[in-house]
Structure formats: structure tokens, C-alpha cells
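Asks: work-v3.txt (compact mmCIF, C-alpha atoms) pasted underneath:
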```txt
# COMPACT_ATOMS: atom_id res chain seq x y z
CA MET A 1 7.29 -2.73 -29.05
CA SER A 2 4.67 -1.34 -26.69
CA LYS A 3 5.76 0.86 -23.81
CA ILE A 4 4.25 1.11 -20.33
CA SER A 5 4.85 4.20 -18.21
CA ILE A 6 4.92 3.67 -14.44
CA ILE A 7 4.07 6.94 -12.64
CA VAL A 8 5.10 7.15 -8.98
CA PRO A 9 4.43 10.30 -6.92
CA CYS A 10 6.96 10.62 -4.09
CA TYR A 11 6.98 12.76 -0.98
CA ASN A 12 9.58 11.81 1.63
CA GLU A 13 9.77 8.21 0.41
CA GLU A 14 13.52 7.68 0.92
CA ALA A 15 12.93 4.68 3.19
CA ALA A 16 10.46 2.92 0.88
CA LEU A 17 12.04 3.53 -2.52
CA PRO A 18 14.79 0.85 -2.35
CA TYR A 19 12.15 -1.82 -1.73
CA PHE A 20 9.96 -0.39 -4.48
CA PHE A 21 12.81 -0.36 -7.01
CA SER A 22 13.50 -4.02 -6.33
CA GLU A 23 9.87 -5.11 -6.74
CA ILE A 24 8.98 -2.97 -9.74
CA ARG A 25 12.05 -4.14 -11.67
CA LYS A 26 11.15 -7.77 -11.07
CA ALA A 27 7.61 -7.20 -12.31
CA ALA A 28 8.76 -5.17 -15.31
CA ASP A 29 11.45 -7.66 -16.34
CA GLY A 30 8.97 -10.52 -16.19
CA MET A 31 6.38 -8.70 -18.29
CA SER A 32 9.00 -7.50 -20.77
CA ALA A 33 10.07 -11.05 -21.46
CA ALA A 34 6.52 -12.43 -21.63
CA TYR A 35 4.82 -9.74 -23.73
CA ASP A 36 7.65 -7.96 -25.57
CA LEU A 37 7.22 -4.73 -23.64
CA CYS A 38 9.47 -1.89 -22.60
CA PHE A 39 9.01 0.23 -19.50
CA GLU A 40 9.74 3.71 -18.25
CA PHE A 41 9.61 4.60 -14.56
CA ILE A 42 8.59 8.22 -13.94
CA PHE A 43 9.11 9.38 -10.36
CA ILE A 44 7.61 12.72 -9.32
CA ASP A 45 9.48 14.24 -6.38
CA ASP A 46 6.85 16.46 -4.78
CA GLY A 47 9.23 18.72 -2.86
CA SER A 48 10.57 16.01 -0.55
CA LYS A 49 12.59 17.13 2.45
CA ASP A 50 14.54 13.89 2.91
CA GLY A 51 16.94 12.12 0.54
CA THR A 52 14.31 11.11 -2.01
CA LEU A 53 15.67 13.32 -4.79
CA LYS A 54 19.26 12.23 -4.20
CA LEU A 55 18.22 8.60 -4.42
CA LEU A 56 16.27 9.21 -7.63
CA ARG A 57 19.31 10.88 -9.20
CA GLU A 58 21.46 7.85 -8.39
CA VAL A 59 18.94 5.35 -9.75
CA ALA A 60 18.34 7.40 -12.92
CA ALA A 61 22.10 7.40 -13.58
CA GLU A 62 22.21 3.59 -13.30
CA ASP A 63 18.93 2.62 -14.97
CA ARG A 64 18.06 4.41 -18.22
CA ARG A 65 14.43 3.38 -17.83
CA THR A 66 14.15 5.60 -14.77
CA ARG A 67 13.11 9.22 -15.12
CA TYR A 68 12.39 11.76 -12.42
CA ILE A 69 10.74 15.17 -12.18
CA SER A 70 11.42 17.29 -9.12
CA PHE A 71 9.04 20.11 -8.14
CA SER A 72 10.24 23.47 -6.85
CA ARG A 73 8.17 22.85 -3.69
CA ASN A 74 5.43 20.61 -2.40
CA PHE A 75 2.41 21.03 -4.71
CA GLY A 76 0.47 17.99 -3.49
CA LYS A 77 -0.20 14.52 -4.81
CA GLU A 78 -2.81 15.71 -7.31
CA ALA A 79 -0.23 17.91 -9.02
CA ALA A 80 2.29 15.06 -8.98
CA MET A 81 -0.16 12.67 -10.63
CA TYR A 82 -1.05 15.25 -13.28
CA ALA A 83 2.64 15.86 -14.04
CA GLY A 84 3.24 12.13 -14.38
CA PHE A 85 0.46 11.69 -16.92
CA GLN A 86 1.66 14.74 -18.85
CA HIS A 87 5.17 13.31 -19.20
CA ALA A 88 4.20 9.67 -19.77
CA GLU A 89 5.18 8.48 -23.24
CA GLY A 90 3.87 4.91 -23.05
CA ASP A 91 0.95 3.27 -24.80
CA CYS A 92 -0.37 2.61 -21.29
CA ALA A 93 0.26 4.52 -18.08
CA VAL A 94 0.16 3.13 -14.56
CA LEU A 95 -0.32 5.21 -11.43
CA MET A 96 0.95 3.68 -8.20
CA ASP A 97 2.45 4.60 -4.82
CA ALA A 98 6.04 4.06 -3.76
CA ASP A 99 5.24 2.39 -0.42
CA LEU A 100 4.28 -0.98 -2.01
CA GLN A 101 0.69 -0.70 -0.79
CA HIS A 102 -0.03 -1.08 -4.50
CA PRO A 103 1.40 -4.53 -5.37
CA PRO A 104 3.45 -4.58 -8.61
CA SER A 105 2.35 -8.20 -9.05
CA MET A 106 -1.05 -6.88 -10.22
CA LEU A 107 0.41 -5.12 -13.27
CA GLU A 108 0.15 -8.19 -15.50
CA GLU A 109 -3.55 -8.65 -14.79
CA MET A 110 -4.14 -4.97 -15.50
CA TYR A 111 -2.25 -5.17 -18.77
CA LEU A 112 -4.25 -8.18 -19.93
CA ALA A 113 -7.51 -6.43 -19.02
CA ILE A 114 -6.61 -3.60 -21.40
CA THR A 115 -5.01 -5.56 -24.23
CA GLU A 116 -7.21 -8.68 -24.28
CA GLU A 117 -10.51 -7.65 -22.65
CA GLY A 118 -10.85 -4.30 -24.39
CA CYS A 119 -10.94 -2.15 -21.25
CA ASP A 120 -9.45 1.33 -21.19
CA ILE A 121 -8.88 1.39 -17.44
CA ALA A 122 -7.93 -1.43 -15.08
CA ALA A 123 -8.14 -0.24 -11.48
CA ALA A 124 -7.43 -1.81 -8.12
CA ARG A 125 -10.19 -1.86 -5.50
CA ARG A 126 -9.56 -2.69 -1.87
CA VAL A 127 -11.95 -5.32 -0.54
CA SER A 128 -10.88 -4.69 3.06
CA ARG A 129 -9.48 -1.86 5.13
CA LYS A 130 -7.25 -4.04 7.27
CA GLY A 131 -4.72 -2.00 9.19
CA GLU A 132 -6.67 1.24 8.79
CA PRO A 133 -8.01 3.03 11.91
CA PRO A 134 -11.72 2.24 12.42
CA VAL A 135 -12.67 5.92 12.58
CA ARG A 136 -11.02 6.61 9.23
CA SER A 137 -12.74 3.59 7.66
CA PHE A 138 -16.13 4.74 8.97
CA PHE A 139 -15.80 8.24 7.57
CA ALA A 140 -14.42 6.91 4.27
CA ARG A 141 -17.54 4.76 3.78
CA CYS A 142 -19.75 7.71 4.72
CA PHE A 143 -17.97 9.87 2.15
CA TYR A 144 -18.52 7.37 -0.66
CA ARG A 145 -22.22 7.00 0.23
CA LEU A 146 -22.67 10.76 0.29
CA ILE A 147 -20.72 11.62 -2.86
CA ASN A 148 -22.51 8.96 -4.90
CA LYS A 149 -25.87 10.44 -3.91
CA ILE A 150 -25.01 14.04 -4.78
CA SER A 151 -22.68 13.60 -7.76
CA ARG A 152 -23.08 12.26 -11.28
CA ALA A 153 -19.51 10.97 -11.44
CA GLU A 154 -18.86 7.37 -10.41
CA PHE A 155 -17.13 6.86 -7.06
CA VAL A 156 -16.37 3.26 -6.12
CA ASP A 157 -15.91 2.48 -2.44
CA GLY A 158 -12.42 1.12 -1.89
CA ALA A 159 -11.12 2.41 -5.22
CA SER A 160 -7.46 3.34 -5.04
CA ASP A 161 -5.27 5.51 -7.26
CA PHE A 162 -3.54 2.32 -8.42
CA ARG A 163 -4.68 1.80 -12.01
CA MET A 164 -3.52 1.30 -15.59
CA LEU A 165 -4.93 3.52 -18.34
CA SER A 166 -4.83 3.19 -22.10
CA ARG A 167 -3.42 6.06 -24.14
CA ARG A 168 -6.84 7.45 -25.05
CA ALA A 169 -7.90 7.34 -21.40
CA VAL A 170 -4.74 9.25 -20.47
CA ASP A 171 -5.45 11.84 -23.17
CA ALA A 172 -9.02 12.23 -21.91
CA LEU A 173 -7.72 12.67 -18.37
CA LEU A 174 -5.30 15.39 -19.48
CA SER A 175 -8.06 17.21 -21.35
CA VAL A 176 -9.59 18.00 -17.95
CA GLY A 177 -7.29 20.95 -17.34
CA GLU A 178 -8.77 22.32 -14.12
CA TYR A 179 -6.49 23.70 -11.41
CA ASN A 180 -8.39 22.26 -8.43
CA ARG A 181 -8.01 18.59 -9.25
CA PHE A 182 -9.72 15.65 -7.56
CA SER A 183 -8.55 12.63 -9.52
CA LYS A 184 -10.85 10.09 -7.90
CA GLY A 185 -13.74 12.03 -9.39
CA ILE A 186 -12.01 12.79 -12.70
CA PHE A 187 -11.34 9.09 -13.28
CA GLY A 188 -15.05 8.40 -13.01
CA TRP A 189 -16.11 11.52 -14.89
CA VAL A 190 -14.12 10.75 -18.07
CA GLY A 191 -15.85 7.38 -18.27
CA PHE A 192 -14.53 4.50 -20.43
CA GLN A 193 -14.88 0.83 -19.66
CA THR A 194 -13.21 0.05 -16.37
CA LYS A 195 -12.33 -3.32 -14.88
CA TRP A 196 -12.12 -3.36 -11.08
CA ILE A 197 -9.58 -5.79 -9.70
CA PRO A 198 -10.04 -6.63 -6.00
CA TYR A 199 -7.08 -6.86 -3.66
CA GLU A 200 -6.41 -7.02 0.07
CA ASN A 201 -5.12 -3.93 1.82
CA VAL A 202 -1.33 -4.01 2.28
CA GLU A 203 0.68 -2.23 4.96
CA ARG A 204 3.41 0.25 4.02
CA VAL A 205 6.76 -1.43 3.51
CA ALA A 206 8.63 1.44 5.22
CA GLY A 207 8.19 5.05 6.29
CA GLU A 208 5.04 6.79 7.47
CA SER A 209 1.94 7.96 5.66
CA ASN A 210 1.71 11.69 4.96
CA TRP A 211 -2.10 11.57 5.02
CA SER A 212 -3.51 12.59 8.39
CA PHE A 213 -7.22 12.41 9.22
CA TRP A 214 -7.50 16.19 8.84
CA LYS A 215 -5.85 16.17 5.40
CA LEU A 216 -8.18 13.40 4.25
CA PHE A 217 -11.17 15.35 5.56
CA LEU A 218 -10.15 18.47 3.63
CA TYR A 219 -9.48 16.33 0.57
CA SER A 220 -13.00 14.88 0.78
CA LEU A 221 -14.44 18.39 0.96
CA ASP A 222 -12.52 19.27 -2.20
CA GLY A 223 -14.11 16.27 -3.89
CA ILE A 224 -17.62 17.27 -2.87
CA ILE A 225 -17.12 20.85 -4.05
CA ALA A 226 -15.47 19.73 -7.31
CA PHE A 227 -18.17 17.26 -8.34
CA SER A 228 -21.41 18.46 -6.80
CA THR A 229 -23.41 21.66 -6.33
CA ALA A 230 -25.65 19.99 -3.75
CA PRO A 231 -24.22 22.04 -0.82
CA LEU A 232 -25.36 25.22 -2.58
CA ALA A 233 -28.82 23.76 -3.05
CA ILE A 234 -28.93 22.70 0.61
CA ALA A 235 -27.96 26.24 1.69
CA SER A 236 -30.81 27.62 -0.41
CA VAL A 237 -33.32 25.13 1.01
CA VAL A 238 -32.24 25.98 4.57
CA GLY A 239 -32.79 29.67 3.84
CA VAL A 240 -36.29 29.00 2.49
CA LEU A 241 -37.18 26.85 5.51
CA PHE A 242 -36.08 29.55 7.93
CA CYS A 243 -38.14 32.15 6.06
CA LEU A 244 -41.21 29.90 6.27
CA ALA A 245 -40.59 29.15 9.94
CA ALA A 246 -40.19 32.87 10.69
CA PHE A 247 -43.44 33.67 8.85
CA VAL A 248 -45.36 30.98 10.74
CA TRP A 249 -43.87 32.08 14.06
CA ILE A 250 -44.89 35.69 13.42
CA ILE A 251 -48.49 34.58 12.82
CA VAL A 252 -48.48 32.43 15.98
CA ILE A 253 -47.15 35.25 18.17
CA THR A 254 -49.63 37.75 16.70
CA VAL A 255 -52.61 35.48 17.27
CA LYS A 256 -51.54 34.61 20.82
CA THR A 257 -51.05 38.25 21.73
CA VAL A 258 -54.14 39.73 20.06
CA VAL A 259 -56.66 36.95 20.71
CA TRP A 260 -55.57 35.46 24.05
CA GLY A 261 -53.50 38.32 25.38
CA ASP A 262 -50.43 36.15 26.12
CA PRO A 263 -47.25 38.16 26.71
CA VAL A 264 -44.50 37.75 24.12
CA ALA A 265 -41.49 35.85 25.47
CA GLY A 266 -38.53 38.10 26.02
CA PHE A 267 -34.74 37.95 25.80
CA PRO A 268 -34.10 34.13 25.93
CA THR A 269 -36.34 33.43 22.94
CA LEU A 270 -34.85 36.32 20.97
CA ALA A 271 -31.28 35.29 21.77
CA CYS A 272 -31.86 31.67 20.71
CA LEU A 273 -33.49 32.74 17.44
CA LEU A 274 -30.70 35.16 16.65
CA LEU A 275 -28.04 32.52 17.31
CA LEU A 276 -29.87 29.92 15.23
CA ILE A 277 -30.53 32.20 12.28
CA GLY A 278 -27.09 33.83 12.48
CA GLY A 279 -25.41 30.41 12.54
CA SER A 280 -27.37 29.23 9.51
CA ILE A 281 -26.44 32.40 7.61
CA GLN A 282 -22.75 31.95 8.41
CA LEU A 283 -22.91 28.29 7.36
CA SER A 284 -24.53 29.23 4.05
CA LEU A 285 -21.97 31.97 3.45
CA GLY A 286 -19.19 29.48 4.20
CA VAL A 287 -20.54 27.05 1.61
CA ILE A 288 -20.85 29.80 -0.98
CA GLY A 289 -17.37 31.04 -0.04
CA GLN A 290 -15.83 27.62 -0.72
CA TYR A 291 -17.24 27.55 -4.24
CA LEU A 292 -16.23 31.17 -4.80
CA ALA A 293 -12.69 30.42 -3.60
CA LYS A 294 -12.35 27.49 -6.02
CA THR A 295 -13.65 29.65 -8.86
CA TYR A 296 -11.19 32.40 -7.89
CA LEU A 297 -8.26 29.99 -8.01
CA GLU A 298 -9.37 28.69 -11.42
CA THR A 299 -9.56 32.19 -12.90
CA LYS A 300 -6.01 33.00 -11.76
CA ARG A 301 -4.74 30.37 -14.24
CA ARG A 302 -1.70 29.51 -12.16
CA PRO A 303 0.29 26.43 -13.24
CA VAL A 304 -0.60 23.22 -11.45
CA TYR A 305 3.08 22.68 -10.62
CA ILE A 306 6.55 24.12 -11.27
CA ILE A 307 9.50 21.90 -12.18
CA ALA A 308 12.87 22.57 -10.58
CA GLU A 309 14.82 19.67 -12.09
CA THR A 310 14.44 16.62 -14.32
CA ASP A 311 16.77 13.79 -15.26
CA ARG A 312 16.84 14.99 -18.88
CA GLU A 313 17.92 18.48 -17.91
CA ARG A 314 20.80 17.00 -15.93
CA ASP A 315 21.78 14.87 -18.93
CA ALA A 316 21.75 17.92 -21.18
CA ARG A 317 23.97 19.88 -18.79
CA ALA A 318 26.35 16.94 -18.57
CA VAL A 319 26.75 16.87 -22.37
```
Translate this structure into C-alpha cells?
Replies:
Amino acid sequence: MSKISIIVPCYNEEAALPYFFSEIRKAADGMSAAYDLCFEFIFIDDGSKDGTLKLLREVAAEDRRTRYISFSRNFGKEAAMYAGFQHAEGDCAVLMDADLQHPPSMLEEMYLAITEEGCDIAAARRVSRKGEPPVRSFFARCFYRLINKISRAEFVDGASDFRMLSRRAVDALLSVGEYNRFSKGIFGWVGFQTKWIPYENVERVAGESNWSFWKLFLYSLDGIIAFSTAPLAIASVVGVLFCLAAFVWIIVITVKTVVWGDPVAGFPTLACLLLLIGGSIQLSLGVIGQYLAKTYLETKRRPVYIIAETDRERDARAV
């Protein structure tokens, strides 16, 4: 009997989880009967501050298919996704959110894409951004245009984290053991045949999103730094252009002064040049510093996450 692992990162999802449990069980029961499958539900509590962990304990005690892993603190969604894939035991693994923005009804189509069409990854792609603030949608489209021009990894506009992966795709994903993880890029970087399944954007069933515009902006910067060295090249080009401009300007001033006797402009010109050149230097140093910081974090070899509690540890203590 084949097993499917459902991986669900959770951060303060107490309000949404009861609805999610109801829907995912319906989908799993239907697929189990139709295709002779068994399921495991792996919930990653990413240091939630509400009653998420308490609810997961209760559900795990009632439903033996449900497992949970609770972090010692909030390590971020990337760490939660990585932990889920590490602990998934199924022949296929599914990554989805707990707020029902990823419809469980799509699981059957994903499963058939892998088992009957020969794909290794079946991923959901939003065809609309209904309900999303216009400013966020605009910057999201700009990010995808930019990252696809400067990176060799495939980034699909509208691609979500909601996807089903075969076992060999999961193993390939886990072989990328970097500390600074950007899964949207890693999914594309590992390759494999992927089927994109379109779906309409769905509102959260309950609770509030933990992703602010600022967090998304920083996350996009992480993606650019993780999958492209173009910013470093741009900083180098800017430096060369300023050197050429300075050389040309020196020649112009010398000729004007020696040949025509024009006085050299004073403090305003000097102040503007200093501000312009100083700003470009600081910008270049900032770009280099971001890459250096990521390299520094990688060399420290810290764990991606730390587990405080799992359902299996509780079972062992109970025995």
C-alpha cells in the first residue's frame, strides 16, 4: 500500500486548523478508498504562540495518522518545510498550508499526475491574485520577471508552495543541505518533470496571514541572493562606469581650464560628486555584505531547526 505524507507548516494557526482537519480527512478518506492509499499528516509547529500545539496534541491522540513536530522557537517557514520533508515517510510528499488557501480537493489530480503521467512534481499555480492587495501583486510580478532574467533556476509566476513530490524528488530536495533556504528556487533548481495545475486564489478560511509586505520583500531579497550573483556583477559594472566618468570629467575640466581659462566650479559640484560616489560605494558594499553574511551563516553550520517535542516522544514517555 502506497503512503502519502501531508506536510503542513503551522504558525499561530489555531483558528484555521479545525477547518483544515475536516477537509483534509475527507480528501484523504476518499483517495484511500479509491486508490488503496494510506496517509500520514505531519504538522510542523513553528514556535506558535497560540493554542496550535495544544490542538495538535489532541488531534494526534485521536487520529494515529496525525504526527506533529514542535520547534523550540520560531525558525521560519523554510525551516518548517525542510523538517517536514526530512520526517516524511511516504512514497509521495505533499506540502500545503493550514489555512485552506491550498484546496485539498486538488490532491487527487496531483496524485494522478505522478502515478499515471510520469511526473515527479505536481504543483499548483495561481492563475489570479484575487483578494491580494494590488501593490503586493505588482511587486510579485516584478520579482518573477527579475529573478527569471538573472537566475538559471526556473521561477514560475503564480507558483505556490502547494505541490506533491515523488520520493526521488523529495530525496533530491533534501540533498540541498544549505542553511539559507529559498524553496521556491530549490524546487526549480533540482529539476524533474513538473506538471503545473492552475487554480483560482482562495481566501484564508480563518485567522490572519503572518506575511507582511516587508517580510515578503526581505524574502524576495533572500531569493535573489541565493540564486543569482547578478547584484555583484552590477556593483562591479557601476564601479567601472564611475571610474570612466571620473576620468572623462578630469579631462574635460583640464581642457576647459588650460585652453579656455574657465574657472573650475567650486563647492556645489564637489559636494554632489562626493555624495553620488559615496552613495554608490555604500550600495556596492551593502550588496557585497549581503553575500558575505549569507556565506558567514553557512560556514557556522548551525542546524536549520531545533525540535522541542514530537508526538512520538510523547508516546515513548507515556509507555
Asks: So that I can see what lies close to A:Ile69, please list as a ChimeraX atom specification the residues with an atom at most 12 Å from it, counting only C-alpha atoms and leaving out residues fewer than 6 positions away in the same chain.
Replies: /A:7-10,41-48,52-53,56-57,60,79-88,305-314
Asks: Output the selection as a JSON list (two decimals), in the coordinates of the input - C-alpha atoms for each residue.
Replies:
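Below is the file that was written, out.json:
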```json
[["chain", "number", "residue", "atom", "x", "y", "z"],
["A", 7, "ILE", "CA", 4.07, 6.94, -12.64],
["A", 8, "VAL", "CA", 5.10, 7.15, -8.98],
["A", 9, "PRO", "CA", 4.43, 10.30, -6.92],
["A", 10, "CYS", "CA", 6.96, 10.62, -4.09],
["A", 41, "PHE", "CA", 9.61, 4.60, -14.56],
["A", 42, "ILE", "CA", 8.59, 8.22, -13.94],
["A", 43, "PHE", "CA", 9.11, 9.38, -10.36],
["A", 44, "ILE", "CA", 7.61, 12.72, -9.32],
["A", 45, "ASP", "CA", 9.48, 14.24, -6.38],
["A", 46, "ASP", "CA", 6.85, 16.46, -4.78],
["A", 47, "GLY", "CA", 9.23, 18.72, -2.86],
["A", 48, "SER", "CA", 10.57, 16.01, -0.55],
["A", 52, "THR", "CA", 14.31, 11.11, -2.01],
["A", 53, "LEU", "CA", 15.67, 13.32, -4.79],
["A", 56, "LEU", "CA", 16.27, 9.21, -7.63],
["A", 57, "ARG", "CA", 19.31, 10.88, -9.20],
["A", 60, "ALA", "CA", 18.34, 7.40, -12.92],
["A", 79, "ALA", "CA", -0.23, 17.91, -9.02],
["A", 80, "ALA", "CA", 2.29, 15.06, -8.98],
["A", 81, "MET", "CA", -0.16, 12.67, -10.63],
["A", 82, "TYR", "CA", -1.05, 15.25, -13.28],
["A", 83, "ALA", "CA", 2.64, 15.86, -14.04],
["A", 84, "GLY", "CA", 3.24, 12.13, -14.38],
["A", 85, "PHE", "CA", 0.46, 11.69, -16.92],
["A", 86, "GLN", "CA", 1.66, 14.74, -18.85],
["A", 87, "HIS", "CA", 5.17, 13.31, -19.20],
["A", 88, "ALA", "CA", 4.20, 9.67, -19.77],
["A", 305, "TYR", "CA", 3.08, 22.68, -10.62],
["A", 306, "ILE", "CA", 6.55, 24.12, -11.27],
["A", 307, "ILE", "CA", 9.50, 21.90, -12.18],
["A", 308, "ALA", "CA", 12.87, 22.57, -10.58],
["A", 309, "GLU", "CA", 14.82, 19.67, -12.09],
["A", 310, "THR", "CA", 14.44, 16.62, -14.32],
["A", 311, "ASP", "CA", 16.77, 13.79, -15.26],
["A", 312, "ARG", "CA", 16.84, 14.99, -18.88],
["A", 313, "GLU", "CA", 17.92, 18.48, -17.91],
["A", 314, "ARG", "CA", 20.80, 17.00, -15.93]]
```
Asks: One decimal, Å: what's the distance from atom CA of A:Gly118 over to atom CA of A:Ser2, could you say?
Replies: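 Distance reported for this atom pair: 16.0 Å.
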Asks: For A:Pro18, list every protein, DNA or RNA residue within 12 Å, evaluated using only C-alpha atoms, and leave out those in the same chain fewer than 3 positions away; present the list as a VMD selection string.
Replies: chain A and resid 13 to 15 21 to 25 51 to 52 55 to 56 58 to 59 98 to 100 205 to 207
Asks: Go ahead and compute the interatomic distance for atom CA of A:Val240 and atom CA of A:Val259, in Å to one decimal.
Replies: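 These two atoms are separated by 28.5 Å.
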Asks: Kindly indicate which residue among A:Ser166, A:Tyr68, A:Asp157, A:Asp91 lies nearest to A:Phe138, using only C-alpha atoms for the distances.
Replies: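 Closest to A:Phe138, using only C-alpha atoms: A:Asp157.
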Asks: I'd like to know which of A:Ala245, A:Val127, A:Ile251, A:Val238 is closest to A:Glu200, using all atoms listed in the file.
Replies: A:Val127
Asks: When you count all atoms listed in the file, which of these residues is closest to A:Ile288: A:Leu244, A:Ser236, A:Ala159, A:Trp249?
Replies: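 Distance minimum relative to A:Ile288 lands on A:Ser236.
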Asks: Just want the 12 Å neighbourhood of A:Leu107, counted on only C-alpha atoms, with same-chain residues fewer than 5 positions away dropped. Output as JSON, numbers by chain.
Replies: {"A": [4, 5, 6, 23, 24, 25, 26, 27, 28, 29, 30, 31, 32, 39, 92, 93, 94, 95, 96, 102, 112, 113, 114, 122, 123, 124, 162, 163, 164, 165, 197]}
Asks: Looking at all atoms listed in the file, which of A:Ala33, A:Ala169, A:Val252, A:Ile147 is the one that sits closest to A:Gly223?
Replies: A:Ile147
Asks: Just how far from atom CA of A:Ile225 is atom CA of A:Lys184, in Å to one decimal?
Replies: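 Pair atom CA of A:Lys184 / atom CA of A:Ile225 returns 13.0 Å.
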Asks: With only C-alpha atoms as the atoms that count, which of A:Phe192, A:Tyr199, A:Phe20, A:Phe217 lies nearest to A:Asp120?
Replies: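 Smallest separation from A:Asp120 among the options: A:Phe192.
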Asks: Counting all atoms listed in the file, which residue out of A:Pro303, A:Pro231, A:Gly239, A:Gly158 sits closest to A:Trp196?
Replies: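 Of A:Pro303, A:Pro231, A:Gly239, A:Gly158, the one nearest A:Trp196, counting all atoms listed in the file, is A:Gly158.
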Asks: Quick one: axis-aligned box around all listed atoms of stretch 247-255 of chain A, 4 Å on every side, centre and edge lengths in Å to one decimal, written as lines of an AutoDock Vina configuration file.
Replies:
```
center_x = -48.0
center_y = 34.4
center_z = 13.5
size_x = 17.2
size_y = 14.8
size_z = 17.3
```
Asks: Output: stretch 134-196 of chain A of the preceding structure, restricted to C-alpha atoms, written as a PDB file, in the first residue's frame.
Replies:
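Contents of decode-v7.pdb, as written:
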```pdb
ATOM      1  CA  PRO A 134      -2.681  45.441  -5.824  1.00  0.00           C
ATOM      2  CA  VAL A 135       0.689  46.736  -4.618  1.00  0.00           C
ATOM      3  CA  ARG A 136       1.751  43.278  -3.476  1.00  0.00           C
ATOM      4  CA  SER A 137       0.626  41.747  -6.778  1.00  0.00           C
ATOM      5  CA  PHE A 138       2.595  44.347  -8.751  1.00  0.00           C
ATOM      6  CA  PHE A 139       5.822  43.747  -6.851  1.00  0.00           C
ATOM      7  CA  ALA A 140       5.334  39.964  -7.001  1.00  0.00           C
ATOM      8  CA  ARG A 141       5.149  40.087 -10.814  1.00  0.00           C
ATOM      9  CA  CYS A 142       8.199  42.362 -10.909  1.00  0.00           C
ATOM     10  CA  PHE A 143      10.109  39.901  -8.739  1.00  0.00           C
ATOM     11  CA  TYR A 144       9.343  36.955 -11.022  1.00  0.00           C
ATOM     12  CA  ARG A 145      10.369  38.931 -14.129  1.00  0.00           C
ATOM     13  CA  LEU A 146      13.619  39.988 -12.483  1.00  0.00           C
ATOM     14  CA  ILE A 147      14.607  36.642 -10.959  1.00  0.00           C
ATOM     15  CA  ASN A 148      13.984  34.785 -14.222  1.00  0.00           C
ATOM     16  CA  LYS A 149      16.323  37.168 -16.046  1.00  0.00           C
ATOM     17  CA  ILE A 150      19.202  36.892 -13.569  1.00  0.00           C
ATOM     18  CA  SER A 151      18.889  33.275 -12.392  1.00  0.00           C
ATOM     19  CA  ARG A 152      19.269  29.893 -14.062  1.00  0.00           C
ATOM     20  CA  ALA A 153      16.681  28.254 -11.813  1.00  0.00           C
ATOM     21  CA  GLU A 154      13.077  28.164 -13.014  1.00  0.00           C
ATOM     22  CA  PHE A 155      10.661  30.518 -11.260  1.00  0.00           C
ATOM     23  CA  VAL A 156       7.032  30.304 -12.384  1.00  0.00           C
ATOM     24  CA  ASP A 157       4.844  33.344 -11.772  1.00  0.00           C
ATOM     25  CA  GLY A 158       1.968  32.350  -9.507  1.00  0.00           C
ATOM     26  CA  ALA A 159       3.663  29.160  -8.327  1.00  0.00           C
ATOM     27  CA  SER A 160       2.729  28.294  -4.768  1.00  0.00           C
ATOM     28  CA  ASP A 161       4.334  26.022  -2.195  1.00  0.00           C
ATOM     29  CA  PHE A 162       1.382  23.651  -2.661  1.00  0.00           C
ATOM     30  CA  ARG A 163       2.786  20.641  -4.515  1.00  0.00           C
ATOM     31  CA  MET A 164       3.173  16.862  -4.443  1.00  0.00           C
ATOM     32  CA  LEU A 165       6.621  15.335  -4.910  1.00  0.00           C
ATOM     33  CA  SER A 166       7.697  11.787  -5.669  1.00  0.00           C
ATOM     34  CA  ARG A 167      10.151  10.095  -3.328  1.00  0.00           C
ATOM     35  CA  ARG A 168      13.143  10.730  -5.585  1.00  0.00           C
ATOM     36  CA  ALA A 169      12.190  14.405  -5.882  1.00  0.00           C
ATOM     37  CA  VAL A 170      11.998  14.618  -2.082  1.00  0.00           C
ATOM     38  CA  ASP A 171      15.420  12.974  -1.761  1.00  0.00           C
ATOM     39  CA  ALA A 172      16.866  15.413  -4.291  1.00  0.00           C
ATOM     40  CA  LEU A 173      15.350  18.313  -2.362  1.00  0.00           C
ATOM     41  CA  LEU A 174      16.894  17.089   0.898  1.00  0.00           C
ATOM     42  CA  SER A 175      20.299  16.726  -0.749  1.00  0.00           C
ATOM     43  CA  VAL A 176      20.376  20.529  -0.995  1.00  0.00           C
ATOM     44  CA  GLY A 177      21.532  20.979   2.582  1.00  0.00           C
ATOM     45  CA  GLU A 178      22.132  24.727   2.656  1.00  0.00           C
ATOM     46  CA  TYR A 179      21.250  26.743   5.748  1.00  0.00           C
ATOM     47  CA  ASN A 180      19.821  29.784   3.929  1.00  0.00           C
ATOM     48  CA  ARG A 181      16.957  28.070   2.152  1.00  0.00           C
ATOM     49  CA  PHE A 182      14.705  29.537  -0.528  1.00  0.00           C
ATOM     50  CA  SER A 183      12.437  26.670  -1.512  1.00  0.00           C
ATOM     51  CA  LYS A 184      10.800  28.355  -4.487  1.00  0.00           C
ATOM     52  CA  GLY A 185      14.216  28.406  -6.108  1.00  0.00           C
ATOM     53  CA  ILE A 186      15.282  24.973  -4.854  1.00  0.00           C
ATOM     54  CA  PHE A 187      12.170  23.375  -6.370  1.00  0.00           C
ATOM     55  CA  GLY A 188      13.163  24.728  -9.761  1.00  0.00           C
ATOM     56  CA  TRP A 189      16.880  24.074  -9.306  1.00  0.00           C
ATOM     57  CA  VAL A 190      16.525  20.325  -8.634  1.00  0.00           C
ATOM     58  CA  GLY A 191      14.625  19.966 -11.896  1.00  0.00           C
ATOM     59  CA  PHE A 192      12.482  16.890 -12.710  1.00  0.00           C
ATOM     60  CA  GLN A 193       9.355  16.884 -14.821  1.00  0.00           C
ATOM     61  CA  THR A 194       6.762  19.154 -13.275  1.00  0.00           C
ATOM     62  CA  LYS A 195       3.075  19.457 -14.072  1.00  0.00           C
ATOM     63  CA  TRP A 196       1.560  22.844 -13.261  1.00  0.00           C
TER      64      TRP A 196
END
```
